[in-house]
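Asker: Before anything else, here's the structure in question.
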Amino acid sequence: MDAVHGHDHAHDDHHHPSGIMRWLTTTNHKDIGTLYLWFSFAMFITGGMLALGIRAELFQPGMQLWRPDFFNQLTTMHGLIMVFGAIMPAFVGFANWQIPMMIGAADMAFARMNNVSFWLLPPAAALLVSSFFVPGGATGAGWTLYAPLSVQQGMGMDLAIFAVHIMGASSIMGSINIITTILNMRAPGMTLMKMPLFVWTWLITAYLLIAVMPVLAGAVTMLLTDRHFDTHFFNAAGGGDPVLYQHVFWFFGHPEVYIMILPAFGIVSQVIPAFARKPLFGYASMVYATASIAILSFIVWAHHMFVVGMPAAGQLFFMYATMLIAVPTGVKVFNWVATMWKGSMTFETPMLFSVGFLFVFSMGGFTGLVCAITPIDIQIQDTYYVVAHFHYVLVAGSLFALFAGTYFWLPKWTGHMYDERLGKLHFWLSMIFFNMTFFVMHFLGLAGMPRRIPDYATQFADFNMIASIGAFGFGLTQLIFLAVVVKCIRGGEKAPAKPWEGADTLEWTLPSPAPYHSFETPPIVK
Ligand SMILES: [Cu+2]
């Protein structure tokens, strides 16, 4: 393909539209990666504002700011927007930018489909956000959209269902593209077991997405027909079963957790070796551990449903299957620590976020084990303990890894070094405010404070005040991140091709900023 286009890059530029048309019509993996990343940042800010709306209400006991149903809309839309608008598209942005460069390809396999995958997202986001303004407001059924509540609500629910359908289509197209690119477009000599770990984790994540996004689409389609076409899938009066919804939803929902964390593992697995100046310890075991986590993720879904009234055999199966996932995850954490062991480490911002990830993500992993134990889970189900657990996994896990990756690759993306002082400030403030917000929620949960309720008993007041102050601090801190990125795009110290001494993947052989087409002649990998 590249041999046919013998002309040089400069000539190429004449064909490209500029301004808004460049972005609407682009088929370039870097442009599309940039679109994904800015889109997800906008959603991150939107979802963050909703979170601050929640924390403002919970600052003190009593009803201050919102009606209870609007409070439910805030928690629901915060979850939906962060999961589907912020975290997932951010990782697809990384996939677009990095996978072609890391495997020595010129671009993604299906360039036009890549464009469509991205441009489906803004309409979906518009549907979600605009659902606040329809009669009855946005859906308040929780991000899981549990029946029967989700069967009863107003048209905000229909907009959410449509948005989920569109985002699912986008994810599936993105996944097909990623799998095809990785399997067919690797540079000569790059066998599967020589691929950078970020590429491996995304390959496995893409298969997970293809497996479970249709299941989610099925679940919300059944909701839609229950709502408008007189089916009774989830209506007991018509012979249906609301618990069926939970089974179908969580068959998607648990693998979804790994969709949001496996690419984070991939980023951390690139960053830690680079700053420890040692190759990744146990590469093959990392690949197998990733695959094991992905496979196990399909047989644990009912750990979200221990209180629905299942037989003891079911409880035991789902408890032990869930605990089994700690084994491959432990292998990963061991390998990251062993990579740092006796390395000559330095702690630039990407490494700070990766080491921070190790500490706080492991905390979230351990509280996950606590939740997996059926008798304990029955006590803490629907309390703030669960809220603390999954924010340790999704914020300190996924989000911190996204920050690590952004700082790591910004020099390659922009051609400039970012402001290290501001980056470090961003890390330390994020770390402090994150723990201030979420650590205290463990205590609130253990003491019995229920989630998704706008008011609480006065004995919970002190910890809630701490959490709310932490949340506003965390939100403001992210403006530092925005400032660093904007400053880095506009200028700064010129970045060398390989700013990180210990980095050894293919993208660092390209100049910084990386050329518009990554590798027109594939590199030879030995
Ligand atoms: Cu789960």
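Going by the structure tokens order, chains are called A, B, ..., each with residues numbered from 1, while ligands are numbered from 1 in the order shown.
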Produce a table with one row for each residue of region 346-383 of chain A that has an atom at most 8 Å from any atom of region 269-287 of chain A, each row naming the nearest atom pair and its distance in Å at one decimal; use only C-alpha atoms; arrange rows by chain and rising residue number; format as a tab-separated table.
Answerer:
residue	atom	partner	partner_atom	distance
A:Thr346	CA	A:Phe275	CA	5.7
A:Phe347	CA	A:Phe275	CA	7.1
A:Glu348	CA	A:Phe275	CA	7.9
A:Pro350	CA	A:Val271	CA	6.7
A:Met351	CA	A:Ile272	CA	6.3
A:Ser354	CA	A:Ile272	CA	6.8
A:Val355	CA	A:Ile272	CA	8.0
Asker: Kindly save the residues from that selection, with N, CA and C atoms included, as a PDB file, in the first residue's frame.
Answerer:
ATOM      1  N   THR A 346      14.090   6.857  38.428  1.00  0.00           N
ATOM      2  CA  THR A 346      13.870   8.293  38.623  1.00  0.00           C
ATOM      3  C   THR A 346      12.360   8.492  38.652  1.00  0.00           C
ATOM      4  N   PHE A 347      11.956   9.605  39.239  1.00  0.00           N
ATOM      5  CA  PHE A 347      10.520   9.793  39.467  1.00  0.00           C
ATOM      6  C   PHE A 347       9.984  11.029  38.762  1.00  0.00           C
ATOM      7  N   GLU A 348      10.052  11.010  37.425  1.00  0.00           N
ATOM      8  CA  GLU A 348       9.349  12.038  36.663  1.00  0.00           C
ATOM      9  C   GLU A 348       7.846  11.760  36.777  1.00  0.00           C
ATOM     10  N   PRO A 350       5.313  10.768  34.886  1.00  0.00           N
ATOM     11  CA  PRO A 350       4.664   9.506  34.494  1.00  0.00           C
ATOM     12  C   PRO A 350       4.938   8.398  35.508  1.00  0.00           C
ATOM     13  N   MET A 351       6.177   8.356  36.043  1.00  0.00           N
ATOM     14  CA  MET A 351       6.535   7.329  37.007  1.00  0.00           C
ATOM     15  C   MET A 351       5.816   7.570  38.334  1.00  0.00           C
ATOM     16  N   SER A 354       2.487   6.237  37.989  1.00  0.00           N
ATOM     17  CA  SER A 354       2.474   4.771  37.919  1.00  0.00           C
ATOM     18  C   SER A 354       2.698   4.149  39.289  1.00  0.00           C
ATOM     19  N   VAL A 355       3.635   4.703  40.053  1.00  0.00           N
ATOM     20  CA  VAL A 355       3.872   4.163  41.394  1.00  0.00           C
ATOM     21  C   VAL A 355       2.662   4.479  42.281  1.00  0.00           C
TER      22      VAL A 355
END
Asker: Would you kindly return, as JSON, numbers by chain, each protein, DNA or RNA residue with an atom no farther than 7 Å from any atom of region 421-432 of chain A, considering only C-alpha atoms and excluding same-chain residues fewer than 6 positions away?
Answerer: {"A": [349, 353, 474, 477, 480, 481, 484]}
Asker: Given a cut-off of 6 Å, what residues near ligand 1 show up using only C-alpha atoms and all ligand atoms, put as a PyMOL selection string?
Answerer: chain A and resi 254+301+304
Asker: Show me, as a count of residues only, the residues that have an atom within 6 Å of region 148-156 of chain A when counting only C-alpha atoms, minus same-chain residues fewer than 3 positions from it.
Answerer: 9
Asker: Which is closest to Ile99 (chain A) among A:Thr191, A:Thr505, A:Asn72, A:Gln379, if we use only C-alpha atoms?
Answerer: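 Nearest to Ile99 (chain A): A:Thr505.
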Asker: Compile a residue-level contact table for region 88-200 of chain A against region 207-216 of chain A at a cut-off of 8 Å, reporting for every qualifying residue the shortest atom pair and its distance in Å to one decimal, with only C-alpha atoms counted, rows ordered by chain and ascending number, as JSON lines.
Answerer:
{"residue": "A:Gly168", "atom": "CA", "partner": "A:Met213", "partner_atom": "CA", "distance": 5.7}
{"residue": "A:Ser171", "atom": "CA", "partner": "A:Leu209", "partner_atom": "CA", "distance": 6.9}
{"residue": "A:Ile172", "atom": "CA", "partner": "A:Ile210", "partner_atom": "CA", "distance": 5.6}
{"residue": "A:Ser175", "atom": "CA", "partner": "A:Ile210", "partner_atom": "CA", "distance": 6.7}
{"residue": "A:Ile176", "atom": "CA", "partner": "A:Ile210", "partner_atom": "CA", "distance": 7.8}
{"residue": "A:Ile179", "atom": "CA", "partner": "A:Tyr207", "partner_atom": "CA", "distance": 7.7}
Asker: Could you save those same residues with C-alpha atoms as a compact mmCIF listing (two decimals), in the first residue's frame?
Answerer:
# COMPACT_ATOMS: atom_id res chain seq x y z
CA GLY A 168 -21.82 0.49 21.96
CA SER A 171 -16.92 0.66 20.79
CA ILE A 172 -17.48 -2.39 18.60
CA SER A 175 -12.48 -2.85 18.65
CA ILE A 176 -12.71 -4.45 15.20
CA ILE A 179 -7.88 -6.18 16.49
Asker: Just to confirm, what's the straight-line distance from CA of Val360 (chain A) to CA of Gly397 (chain A) in Å (one decimal)?
Answerer: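 Computing the Euclidean distance for CA of Val360 (chain A) and CA of Gly397 (chain A) yields 7.1 Å.
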Asker: Mind the document's chain letters and residue numbers, and return as an NGL selection string the residues of region 186-260 of chain A that DSSP labels alpha helix (DSSP H).
Answerer: :A and (197-228 or 242-259)
Asker: Distance table requested - region 148-191 of chain A against region 24-45 of chain A, cut-off 12 Å, only C-alpha atoms: one row per qualifying residue with the closest atom pair and its distance in Å to one decimal, ordered by chain and rising residue number, as CSV.
Answerer:
residue,atom,partner,partner_atom,distance
A:Ser170,CA,A:Tyr36,CA,11.6
A:Ser171,CA,A:Tyr36,CA,11.9
A:Gly174,CA,A:Ile32,CA,11.2
A:Asn177,CA,A:His29,CA,11.0
A:Ile178,CA,A:His29,CA,11.1
A:Thr181,CA,A:His29,CA,11.3
Asker: Applying 10 Å and only C-alpha atoms, which residues near Gln459 (chain A) remain after dropping the ones on its own chain fewer than 5 positions away? List them as a VMD selection string.
Answerer: chain A and resid 61 444 447 449 464
Asker: Would you mind telling me which residue in A:Ala497, A:Met340, A:Ile453, A:Met310 lies nearest to Pro411 (chain A) when using only C-alpha atoms?
Answerer: A:Ala497
Asker: CA of Val268 (chain A) and CA of Ala372 (chain A), how far apart in Å?
Answerer: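 Separation between CA of Ala372 (chain A) and CA of Val268 (chain A): 25.5 Å.
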Asker: Skip Tyr392 (chain A) itself and residues of its chain fewer than 3 positions away, then list as a PyMOL selection string all residues within 12 Å of it, counting only C-alpha atoms.
Answerer: chain A and resi 261+356-368+385-389+395-400+431+434-442
Asker: Between A:Ala126, A:Tyr288, A:Ala264, A:Ile259, which one has atoms that come closest to Phe94 (chain A), using only C-alpha atoms?
Answerer: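 Checking each candidate against Phe94 (chain A), we get A:Ala264 as the closest.
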